[in-house]
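Enquirer: So I've got this file, protein.cif, and it contains mmCIF, C-alpha atoms and all ligand atoms:
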data_query
loop_
_atom_site.group_PDB
_atom_site.id
_atom_site.type_symbol
_atom_site.label_atom_id
_atom_site.label_comp_id
_atom_site.auth_asym_id
_atom_site.auth_seq_id
_atom_site.Cartn_x
_atom_site.Cartn_y
_atom_site.Cartn_z
ATOM 1 C CA MET Y 1 17.984 3.144 13.045
ATOM 2 C CA ARG Y 2 16.614 6.541 12.307
ATOM 3 C CA ALA Y 3 17.748 7.803 8.921
ATOM 4 C CA GLN Y 4 16.689 10.552 6.555
ATOM 5 C CA LEU Y 5 14.780 9.128 3.615
ATOM 6 C CA ASP Y 6 16.814 11.114 1.075
ATOM 7 C CA GLU Y 7 20.039 9.784 2.581
ATOM 8 C CA ILE Y 8 18.847 6.144 2.435
ATOM 9 C CA VAL Y 9 17.850 6.650 -1.190
ATOM 10 C CA GLY Y 10 20.973 8.642 -2.126
ATOM 11 C CA SER Y 11 23.362 6.055 -0.784
ATOM 12 C CA ALA Y 12 21.449 3.220 -2.477
ATOM 13 C CA LEU Y 13 21.669 5.045 -5.809
ATOM 14 C CA GLN Y 14 25.414 5.457 -5.370
ATOM 15 C CA ARG Y 15 25.606 1.654 -5.250
ATOM 16 C CA GLY Y 16 23.351 1.328 -8.299
ATOM 17 C CA SER Y 17 20.436 0.178 -6.125
ATOM 18 C CA ALA Y 18 16.966 1.489 -5.307
ATOM 19 C CA VAL Y 19 15.135 1.337 -1.980
ATOM 20 C CA PRO Y 20 11.733 -0.339 -1.840
ATOM 21 C CA ALA Y 21 8.940 1.386 0.064
ATOM 22 C CA PHE Y 22 6.024 -0.712 1.350
ATOM 23 C CA THR Y 23 2.586 0.449 2.449
ATOM 24 C CA CYS Y 24 1.926 -0.720 6.006
ATOM 25 C CA TYR Y 25 -1.670 -0.642 7.228
ATOM 26 C CA ASP Y 26 -0.709 -2.586 10.341
ATOM 27 C CA PHE Y 27 2.190 -3.450 12.600
ATOM 28 C CA THR Y 28 2.485 -7.133 11.573
ATOM 29 C CA THR Y 29 3.368 -6.125 8.005
ATOM 30 C CA ALA Y 30 5.799 -3.462 9.216
ATOM 31 C CA LEU Y 31 7.579 -5.997 11.444
ATOM 32 C CA ALA Y 32 7.934 -8.293 8.441
ATOM 33 C CA VAL Y 33 9.315 -5.533 6.191
ATOM 34 C CA VAL Y 34 11.848 -4.378 8.777
ATOM 35 C CA GLY Y 35 12.805 -8.004 9.518
ATOM 36 C CA ALA Y 36 13.476 -8.621 5.817
ATOM 37 C CA ALA Y 37 15.539 -5.430 5.559
ATOM 38 C CA GLU Y 38 17.601 -6.400 8.602
ATOM 39 C CA GLU Y 39 18.285 -9.853 7.158
ATOM 40 C CA ALA Y 40 19.298 -8.272 3.843
ATOM 41 C CA GLY Y 41 21.380 -5.595 5.586
ATOM 42 C CA ARG Y 42 19.577 -2.907 3.548
ATOM 43 C CA GLY Y 43 17.620 0.238 4.300
ATOM 44 C CA VAL Y 44 13.872 0.307 3.746
ATOM 45 C CA ILE Y 45 10.928 2.723 3.780
ATOM 46 C CA LEU Y 46 7.611 2.205 5.595
ATOM 47 C CA LEU Y 47 4.743 4.005 3.870
ATOM 48 C CA VAL Y 48 1.590 5.146 5.643
ATOM 49 C CA ALA Y 49 -1.500 5.787 3.534
ATOM 50 C CA PRO Y 50 -3.214 9.156 4.014
ATOM 51 C CA LYS Y 51 -6.496 7.429 4.973
ATOM 52 C CA THR Y 52 -4.578 5.694 7.769
ATOM 53 C CA ALA Y 53 -2.989 8.937 8.952
ATOM 54 C CA ALA Y 54 -6.375 10.655 9.033
ATOM 55 C CA THR Y 55 -7.485 8.569 12.037
ATOM 56 C CA THR Y 56 -6.413 8.531 15.690
ATOM 57 C CA ASN Y 57 -5.459 4.872 15.423
ATOM 58 C CA GLY Y 58 -3.476 5.625 12.292
ATOM 59 C CA LEU Y 59 -1.471 8.304 14.105
ATOM 60 C CA ARG Y 60 -0.777 5.770 16.853
ATOM 61 C CA LEU Y 61 0.398 3.337 14.163
ATOM 62 C CA ILE Y 62 2.812 6.006 12.877
ATOM 63 C CA SER Y 63 4.231 6.414 16.395
ATOM 64 C CA ALA Y 64 4.646 2.648 16.646
ATOM 65 C CA LEU Y 65 6.375 2.553 13.243
ATOM 66 C CA ARG Y 66 8.652 5.365 14.400
ATOM 67 C CA GLY Y 67 9.676 3.252 17.387
ATOM 68 C CA LEU Y 68 10.213 0.217 15.148
ATOM 69 C CA ALA Y 69 12.320 2.277 12.723
ATOM 70 C CA ASP Y 70 14.476 3.719 15.483
ATOM 71 C CA GLU Y 71 15.144 0.285 16.979
ATOM 72 C CA ALA Y 72 15.988 -1.397 13.663
ATOM 73 C CA SER Y 73 19.579 -2.392 12.926
ATOM 74 C CA VAL Y 74 19.324 -0.929 9.391
ATOM 75 C CA PRO Y 75 18.239 2.562 8.234
ATOM 76 C CA VAL Y 76 14.438 2.841 8.142
ATOM 77 C CA ALA Y 77 12.327 5.891 7.258
ATOM 78 C CA VAL Y 78 8.604 6.390 7.845
ATOM 79 C CA GLN Y 79 6.830 8.301 5.096
ATOM 80 C CA LEU Y 80 3.313 9.695 4.866
ATOM 81 C CA ASP Y 81 2.287 8.786 1.307
ATOM 82 C CA HIS Y 82 0.173 10.897 -1.102
ATOM 83 C CA ALA Y 83 -0.919 13.605 1.305
ATOM 84 C CA SER Y 84 -2.455 16.937 0.449
ATOM 85 C CA ASP Y 85 -4.283 17.857 3.680
ATOM 86 C CA LEU Y 86 -2.106 20.128 5.840
ATOM 87 C CA GLU Y 87 -3.788 19.011 9.045
ATOM 88 C CA VAL Y 88 -3.155 15.326 8.294
ATOM 89 C CA ILE Y 89 0.430 16.107 7.275
ATOM 90 C CA THR Y 90 1.310 18.049 10.410
ATOM 91 C CA ALA Y 91 -0.381 15.455 12.637
ATOM 92 C CA ALA Y 92 1.491 12.607 10.915
ATOM 93 C CA VAL Y 93 4.809 14.417 11.324
ATOM 94 C CA ALA Y 94 4.045 15.127 14.978
ATOM 95 C CA ALA Y 95 3.295 11.405 15.410
ATOM 96 C CA GLY Y 96 6.683 10.436 13.936
ATOM 97 C CA ALA Y 97 6.635 10.496 10.124
ATOM 98 C CA ASP Y 98 9.985 11.790 8.905
ATOM 99 C CA SER Y 99 9.041 12.227 5.281
ATOM 100 C CA VAL Y 100 5.937 13.267 3.337
ATOM 101 C CA LEU Y 101 4.794 12.946 -0.253
ATOM 102 C CA ALA Y 102 3.138 16.331 -0.679
ATOM 103 C CA ASP Y 103 0.908 15.244 -3.528
ATOM 104 C CA GLY Y 104 -0.538 17.998 -5.676
ATOM 105 C CA SER Y 105 -0.392 15.896 -8.831
ATOM 106 C CA SER Y 106 -4.150 16.100 -9.402
ATOM 107 C CA LEU Y 107 -3.971 19.909 -9.314
ATOM 108 C CA PRO Y 108 -3.030 22.297 -12.111
ATOM 109 C CA TYR Y 109 0.756 22.834 -12.345
ATOM 110 C CA GLU Y 110 0.982 26.117 -10.420
ATOM 111 C CA GLU Y 111 -1.314 24.811 -7.670
ATOM 112 C CA ASN Y 112 0.795 21.669 -7.364
ATOM 113 C CA ILE Y 113 3.866 23.874 -6.801
ATOM 114 C CA ALA Y 114 1.950 26.053 -4.326
ATOM 115 C CA LEU Y 115 0.847 22.989 -2.322
ATOM 116 C CA VAL Y 116 4.392 21.631 -1.965
ATOM 117 C CA ARG Y 117 5.684 25.072 -0.924
ATOM 118 C CA GLU Y 118 2.860 25.457 1.589
ATOM 119 C CA VAL Y 119 3.669 22.061 3.127
ATOM 120 C CA ARG Y 120 7.381 22.973 3.356
ATOM 121 C CA LYS Y 121 6.520 26.302 4.988
ATOM 122 C CA ALA Y 122 4.115 24.728 7.486
ATOM 123 C CA LEU Y 123 6.655 22.055 8.474
ATOM 124 C CA ASP Y 124 9.501 24.560 8.773
ATOM 125 C CA ALA Y 125 7.321 26.787 10.961
ATOM 126 C CA ARG Y 126 6.715 23.823 13.285
ATOM 127 C CA GLY Y 127 10.410 23.061 13.667
ATOM 128 C CA SER Y 128 10.266 20.151 11.198
ATOM 129 C CA ALA Y 129 12.735 21.453 8.622
ATOM 130 C CA ASP Y 130 14.402 18.027 8.553
ATOM 131 C CA VAL Y 131 11.253 16.313 7.236
ATOM 132 C CA VAL Y 132 12.038 15.120 3.709
ATOM 133 C CA LEU Y 133 9.572 16.165 1.003
ATOM 134 C CA GLU Y 134 8.709 14.145 -2.089
ATOM 135 C CA ALA Y 135 6.508 15.791 -4.720
ATOM 136 C CA GLU Y 136 4.675 14.304 -7.694
ATOM 137 C CA LEU Y 137 4.489 15.630 -11.242
ATOM 138 C CA GLY Y 138 2.112 13.934 -13.665
ATOM 139 C CA GLY Y 139 -0.910 11.891 -12.686
ATOM 140 C CA LEU Y 140 -1.153 8.217 -11.787
ATOM 141 C CA ALA Y 141 -4.364 6.321 -12.507
ATOM 142 C CA GLY Y 142 -5.774 3.857 -10.015
ATOM 143 C CA ASP Y 143 -6.638 3.707 -6.317
ATOM 144 C CA GLU Y 144 -3.890 3.730 -3.707
ATOM 145 C CA ASP Y 145 -5.689 1.399 -1.293
ATOM 146 C CA LYS Y 146 -7.802 -0.903 -3.481
ATOM 147 C CA ALA Y 147 -6.961 -2.854 -6.621
ATOM 148 C CA PHE Y 148 -9.491 -4.458 -8.939
ATOM 149 C CA GLY Y 149 -8.736 -6.947 -11.679
ATOM 150 C CA ALA Y 150 -10.504 -6.741 -15.011
ATOM 151 C CA ASP Y 151 -12.589 -9.813 -14.094
ATOM 152 C CA SER Y 152 -13.419 -8.928 -10.476
ATOM 153 C CA GLY Y 153 -16.402 -6.698 -11.105
ATOM 154 C CA GLY Y 154 -14.628 -3.580 -9.898
ATOM 155 C CA GLU Y 155 -12.999 -0.921 -11.973
ATOM 156 C CA PRO Y 156 -9.516 -2.063 -13.068
ATOM 157 C CA SER Y 157 -6.778 0.507 -12.727
ATOM 158 C CA GLY Y 158 -5.976 0.061 -16.366
ATOM 159 C CA ASN Y 159 -2.957 1.413 -18.157
ATOM 160 C CA ASP Y 160 -4.575 4.771 -18.881
ATOM 161 C CA VAL Y 161 -2.293 7.100 -16.999
ATOM 162 C CA ALA Y 162 -3.916 10.359 -16.004
ATOM 163 C CA GLY Y 163 -1.006 12.237 -17.585
ATOM 164 C CA LEU Y 164 2.641 11.448 -18.162
ATOM 165 C CA THR Y 165 5.159 13.682 -16.428
ATOM 166 C CA ASP Y 166 6.068 16.514 -18.767
ATOM 167 C CA SER Y 167 9.860 16.433 -18.713
ATOM 168 C CA ALA Y 168 10.008 20.063 -19.867
ATOM 169 C CA GLN Y 169 8.487 21.092 -16.505
ATOM 170 C CA VAL Y 170 10.872 19.095 -14.323
ATOM 171 C CA GLU Y 171 13.652 21.641 -13.749
ATOM 172 C CA ASP Y 172 11.238 24.454 -12.937
ATOM 173 C CA PHE Y 173 9.093 22.213 -10.702
ATOM 174 C CA VAL Y 174 12.020 20.931 -8.676
ATOM 175 C CA ALA Y 175 13.584 24.385 -8.306
ATOM 176 C CA ARG Y 176 10.352 26.082 -7.227
ATOM 177 C CA THR Y 177 9.041 23.358 -4.926
ATOM 178 C CA GLY Y 178 12.356 22.516 -3.290
ATOM 179 C CA ALA Y 179 11.266 18.853 -3.474
ATOM 180 C CA GLN Y 180 13.964 16.414 -2.410
ATOM 181 C CA LEU Y 181 12.531 13.491 -4.404
ATOM 182 C CA LEU Y 182 10.300 13.497 -7.478
ATOM 183 C CA ALA Y 183 7.557 10.937 -8.139
ATOM 184 C CA VAL Y 184 6.950 10.510 -11.851
ATOM 185 C CA ALA Y 185 4.178 9.207 -14.097
ATOM 186 C CA VAL Y 186 5.710 7.176 -16.917
ATOM 187 C CA GLY Y 187 2.977 4.619 -17.570
ATOM 188 C CA ASN Y 188 2.952 3.322 -13.983
ATOM 189 C CA VAL Y 189 -0.438 2.997 -12.235
ATOM 190 C CA HIS Y 190 -1.605 2.202 -8.723
ATOM 191 C CA GLY Y 191 -3.263 -1.189 -8.369
ATOM 192 C CA LYS Y 192 -3.567 -3.820 -11.089
ATOM 193 C CA TYR Y 193 -2.441 -3.266 -14.654
ATOM 194 C CA LYS Y 194 -4.808 -4.032 -17.499
ATOM 195 C CA GLY Y 195 -2.630 -6.412 -19.487
ATOM 196 C CA GLU Y 196 1.107 -5.825 -19.475
ATOM 197 C CA PRO Y 197 2.491 -2.604 -17.967
ATOM 198 C CA GLU Y 198 3.839 -0.338 -20.657
ATOM 199 C CA LEU Y 199 6.447 1.800 -18.995
ATOM 200 C CA ARG Y 200 7.767 4.739 -20.980
ATOM 201 C CA TRP Y 201 11.478 4.353 -20.344
ATOM 202 C CA ASP Y 202 12.130 7.052 -22.939
ATOM 203 C CA VAL Y 203 10.158 9.580 -20.866
ATOM 204 C CA LEU Y 204 11.895 8.427 -17.672
ATOM 205 C CA GLN Y 205 15.265 8.859 -19.338
ATOM 206 C CA ASP Y 206 14.324 12.344 -20.432
ATOM 207 C CA ILE Y 207 13.233 13.236 -16.874
ATOM 208 C CA ALA Y 208 16.392 11.749 -15.371
ATOM 209 C CA VAL Y 209 18.670 14.094 -17.287
ATOM 210 C CA ARG Y 210 16.690 17.160 -16.165
ATOM 211 C CA THR Y 211 17.219 16.853 -12.420
ATOM 212 C CA ARG Y 212 19.733 15.556 -9.931
ATOM 213 C CA ILE Y 213 17.204 14.682 -7.234
ATOM 214 C CA PRO Y 214 16.218 10.999 -6.969
ATOM 215 C CA LEU Y 215 13.132 9.892 -8.871
ATOM 216 C CA VAL Y 216 10.390 7.728 -7.385
ATOM 217 C CA LEU Y 217 8.399 5.044 -9.159
ATOM 218 C CA HIS Y 218 4.957 4.470 -7.659
ATOM 219 C CA GLY Y 219 2.665 1.622 -8.664
ATOM 220 C CA ALA Y 220 5.452 -0.936 -8.891
ATOM 221 C CA SER Y 221 3.184 -3.964 -8.264
ATOM 222 C CA GLY Y 222 2.859 -5.917 -11.485
ATOM 223 C CA ILE Y 223 5.934 -4.468 -13.181
ATOM 224 C CA PRO Y 224 8.225 -7.390 -14.065
ATOM 225 C CA ALA Y 225 11.415 -7.743 -12.013
ATOM 226 C CA ASP Y 226 13.739 -7.370 -14.995
ATOM 227 C CA GLU Y 227 12.042 -4.079 -15.874
ATOM 228 C CA LEU Y 228 12.273 -2.758 -12.308
ATOM 229 C CA ALA Y 229 15.929 -3.701 -12.138
ATOM 230 C CA LYS Y 230 16.606 -1.100 -14.853
ATOM 231 C CA ALA Y 231 15.186 1.733 -12.729
ATOM 232 C CA PRO Y 232 18.254 2.734 -10.633
ATOM 233 C CA ALA Y 233 20.254 3.389 -13.805
ATOM 234 C CA MET Y 234 17.702 6.138 -14.542
ATOM 235 C CA ASN Y 235 18.093 7.692 -11.109
ATOM 236 C CA VAL Y 236 14.989 5.974 -9.677
ATOM 237 C CA GLY Y 237 16.051 5.500 -6.077
ATOM 238 C CA LYS Y 238 12.711 4.649 -4.452
ATOM 239 C CA VAL Y 239 10.137 2.155 -5.696
ATOM 240 C CA ASN Y 240 6.705 1.940 -4.030
ATOM 241 C CA PHE Y 241 4.790 -1.324 -3.501
ATOM 242 C CA ASN Y 242 1.389 -1.919 -2.000
ATOM 243 C CA THR Y 243 -0.952 -4.118 -4.081
ATOM 244 C CA GLU Y 244 1.355 -7.138 -4.439
ATOM 245 C CA LEU Y 245 2.126 -7.126 -0.730
ATOM 246 C CA ARG Y 246 -1.599 -7.041 0.161
ATOM 247 C CA THR Y 247 -2.429 -9.699 -2.417
ATOM 248 C CA GLY Y 248 0.111 -12.076 -0.906
ATOM 249 C CA VAL Y 249 -1.032 -11.505 2.671
ATOM 250 C CA LEU Y 250 -4.726 -11.905 1.797
ATOM 251 C CA ALA Y 251 -4.107 -15.098 -0.183
ATOM 252 C CA THR Y 252 -2.128 -16.509 2.731
ATOM 253 C CA LEU Y 253 -4.851 -15.634 5.233
ATOM 254 C CA GLU Y 254 -7.491 -17.154 2.959
ATOM 255 C CA ALA Y 255 -5.505 -20.378 2.678
ATOM 256 C CA GLN Y 256 -4.611 -20.623 6.357
ATOM 257 C CA THR Y 257 -7.638 -19.345 8.274
ATOM 258 C CA ALA Y 258 -9.721 -22.552 8.370
ATOM 259 C CA ALA Y 259 -6.843 -24.672 9.656
ATOM 260 C CA HIS Y 260 -5.977 -22.096 12.304
ATOM 261 C CA ARG Y 261 -9.599 -21.841 13.435
ATOM 262 C CA ALA Y 262 -9.664 -25.615 13.758
ATOM 263 C CA ASP Y 263 -6.392 -25.396 15.697
ATOM 264 C CA GLY Y 264 -7.986 -23.756 18.735
ATOM 265 C CA GLU Y 265 -8.737 -20.337 17.125
ATOM 266 C CA ASN Y 266 -5.002 -19.923 16.707
ATOM 267 C CA LEU Y 267 -4.610 -16.257 15.815
ATOM 268 C CA GLN Y 268 -0.975 -16.228 16.847
ATOM 269 C CA GLY Y 269 -0.176 -18.951 14.333
ATOM 270 C CA LEU Y 270 -2.113 -17.133 11.621
ATOM 271 C CA LEU Y 271 -0.193 -13.916 12.294
ATOM 272 C CA ALA Y 272 3.059 -15.842 11.857
ATOM 273 C CA HIS Y 273 1.892 -16.796 8.330
ATOM 274 C CA TRP Y 274 0.943 -13.147 7.668
ATOM 275 C CA ASN Y 275 4.415 -12.092 8.765
ATOM 276 C CA ALA Y 276 6.081 -14.767 6.612
ATOM 277 C CA SER Y 277 4.120 -13.765 3.508
ATOM 278 C CA ALA Y 278 4.994 -10.070 3.854
ATOM 279 C CA LYS Y 279 8.590 -10.861 4.767
ATOM 280 C CA ASP Y 280 9.120 -13.123 1.744
ATOM 281 C CA PHE Y 281 7.748 -10.432 -0.563
ATOM 282 C CA ALA Y 282 9.871 -7.703 1.020
ATOM 283 C CA ALA Y 283 12.989 -9.908 0.889
ATOM 284 C CA ALA Y 284 12.468 -10.722 -2.793
ATOM 285 C CA THR Y 285 11.918 -7.041 -3.594
ATOM 286 C CA LEU Y 286 14.967 -5.902 -1.637
ATOM 287 C CA GLY Y 287 17.027 -8.462 -3.524
ATOM 288 C CA MET Y 288 15.625 -7.430 -6.888
ATOM 289 C CA LEU Y 289 16.465 -3.719 -6.401
ATOM 290 C CA SER Y 290 19.884 -4.207 -4.798
ATOM 291 C CA ARG Y 291 23.291 -4.238 -6.440
HETATM 292 P P1 LIG Y 301 0.863 -0.430 -6.053
HETATM 293 O O1 LIG Y 301 -0.296 -0.672 -5.128
HETATM 294 O O2 LIG Y 301 0.462 -0.419 -7.458
HETATM 295 O O3 LIG Y 301 2.005 -1.321 -5.751
HETATM 296 O O4 LIG Y 301 1.374 1.071 -5.758
HETATM 297 C C1 LIG Y 301 1.870 1.393 -4.486
HETATM 298 C C2 LIG Y 301 2.251 2.820 -4.380
HETATM 299 O O5 LIG Y 301 2.624 3.448 -5.342
HETATM 300 C C3 LIG Y 301 2.159 3.441 -3.053
HETATM 301 O O6 LIG Y 301 2.472 4.801 -3.115
#
So, in terms of structure tokens, how does the structure I just supplied come out?
Ligand code: 13P
Expert:
Amino acid sequence: MRAQLDEIVGSALQRGSAVPAFTCYDFTTALAVVGAAEEAGRGVILLVAPKTAATTNGLRLISALRGLADEASVPVAVQLDHASDLEVITAAVAAGADSVLADGSSLPYEENIALVREVRKALDARGSADVVLEAELGGLAGDEDKAFGADSGGEPSGNDVAGLTDSAQVEDFVARTGAQLLAVAVGNVHGKYKGEPELRWDVLQDIAVRTRIPLVLHGASGIPADELAKAPAMNVGKVNFNTELRTGVLATLEAQTAAHRADGENLQGLLAHWNASAKDFAAATLGMLSR
């Protein structure tokens, strides 16, 4: 069912839970995520990467996700993740996204605020005042769409955060941007961690007392379950996953493709394994974050 992202997150936090958000590059994964949420009886968030939303096919995917969300028996929101391009943002909202992460975290502080305000203004002017805005303060290292391990030849994401959220800025940032959710940098990174993640719970705690709006933890792949379970107590109501979901699907496809080719080029069967892999991951994550 259609639901405002801030309401899904707010009611989860009231129960001491957080809502997982999963990047969906395709409809098979989205079906699996929504299926897992329906079985768990919990709300969920479908994330669309900005590179996806920048294409015609990606905008069609957003419309399809919108339809899936509206038909679901549990609250589902569709969010455009990490966007800074106004054209992409307005097109994604027109296609059906009901929330946007207006991401100015790589910009200087005042420019970050200006970007979020500009996005709010542009959406309001287009009759989209109900679109929920997340903003990000502090910088996350790593790539949103690709993850490299230390031994894979690519550049690992590492644990070198681009800059922890400065808790002293939080009140001013939230007041001036009007953001409804705040993504924070507390040692979390996109992609694979170099060694063990070292989350700064002290910084998160300090942020949590400075604002009443829900906090968002990006880069959750690789953070141990018992660590993530602590997040709702610090007002983290939304936790974003991408890498672990992709890793599971790709490993499943790698393991299953030969047998399915031998079985009459059985793409339908292979897609069922894809769905099962994503669904198992989403179900485990929903369970881990729920109270
Ligand atoms: P991971 O790929 O590290 O799970 O991060 C996902 C994310 O934060 C999407 O916004």
Enquirer: Could you check which of Y:Ala147, Y:Ala168, Y:Leu228, Y:Ile223 is closest to Y:His190, using all atoms listed in the file?
Expert: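 For Y:His190, the nearest of the given residues is Y:Ala147.
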Enquirer: Check the smallest atom-to-atom distance from each of Y:Gly127, Y:Gly96, Y:Pro214, Y:Pro50 to Y:Thr23 using all atoms listed in the file, then report the winner.
Expert: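 Result for the nearest residue to Y:Thr23: Y:Pro50.
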Enquirer: Expanded to explicit residues, what is the PyMOL selection byres (((chain Y and resi 212) around 12) and not hetatm) for this file, as a list in words?
Expert: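 The output of the PyMOL selection byres (((chain Y and resi 212) around 12) and not hetatm) on this file is Gly10, Leu13, Val170, Glu171, Val174, Ala175, Ala179, Gln180, Leu181, Leu182, Ile207, Ala208, Val209, Arg210, Thr211, Ile213, Pro214, Leu215, Met234, Asn235, Val236 and Gly237 of chain Y.
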Enquirer: Just the selected residues (C-alpha atoms), exported as an mmCIF file, keeping the file's coordinate frame, please.
Expert:
data_model
loop_
_atom_site.group_PDB
_atom_site.id
_atom_site.type_symbol
_atom_site.label_atom_id
_atom_site.label_comp_id
_atom_site.auth_asym_id
_atom_site.auth_seq_id
_atom_site.Cartn_x
_atom_site.Cartn_y
_atom_site.Cartn_z
ATOM 1 C CA GLY Y 10 20.973 8.642 -2.126
ATOM 2 C CA LEU Y 13 21.669 5.045 -5.809
ATOM 3 C CA VAL Y 170 10.872 19.095 -14.323
ATOM 4 C CA GLU Y 171 13.652 21.641 -13.749
ATOM 5 C CA VAL Y 174 12.020 20.931 -8.676
ATOM 6 C CA ALA Y 175 13.584 24.385 -8.306
ATOM 7 C CA ALA Y 179 11.266 18.853 -3.474
ATOM 8 C CA GLN Y 180 13.964 16.414 -2.410
ATOM 9 C CA LEU Y 181 12.531 13.491 -4.404
ATOM 10 C CA LEU Y 182 10.300 13.497 -7.478
ATOM 11 C CA ILE Y 207 13.233 13.236 -16.874
ATOM 12 C CA ALA Y 208 16.392 11.749 -15.371
ATOM 13 C CA VAL Y 209 18.670 14.094 -17.287
ATOM 14 C CA ARG Y 210 16.690 17.160 -16.165
ATOM 15 C CA THR Y 211 17.219 16.853 -12.420
ATOM 16 C CA ILE Y 213 17.204 14.682 -7.234
ATOM 17 C CA PRO Y 214 16.218 10.999 -6.969
ATOM 18 C CA LEU Y 215 13.132 9.892 -8.871
ATOM 19 C CA MET Y 234 17.702 6.138 -14.542
ATOM 20 C CA ASN Y 235 18.093 7.692 -11.109
ATOM 21 C CA VAL Y 236 14.989 5.974 -9.677
ATOM 22 C CA GLY Y 237 16.051 5.500 -6.077
#
Enquirer: At a cut-off of 10 Å around ligand LIG 301 (chain Y), and using only C-alpha atoms and all ligand atoms, what residues come up? Please write them as a PyMOL selection string.
Expert: chain Y and resi 21-24+47-49+79-82+101+140-147+157+183+188-193+216-223+239-247
Enquirer: Please write as a ChimeraX atom specification the full residue list that the PyMOL selection byres (((chain Y and resi 100) around 10) and not hetatm) yields on this file.
Expert: /Y:5,47-48,78-84,89-90,92-93,97-99,101-103,119-120,131-135
Enquirer: Return the single residue from Y:Thr257, Y:Asn275, Y:Asn112, Y:Thr29 that is closest to Y:Phe173, with distances computed using all atoms listed in the file.
Expert: Y:Asn112
Enquirer: Need the shell around stretch 34-36 of chain Y: protein/DNA/RNA residues with any atom at most 12 Å away, counting all atoms listed in the file. Skip same-chain ones fewer than 2 positions apart. Format as a PyMOL selection string?
Expert: chain Y and resi 1+20-22+24+27-32+38-46+65-78+275-287
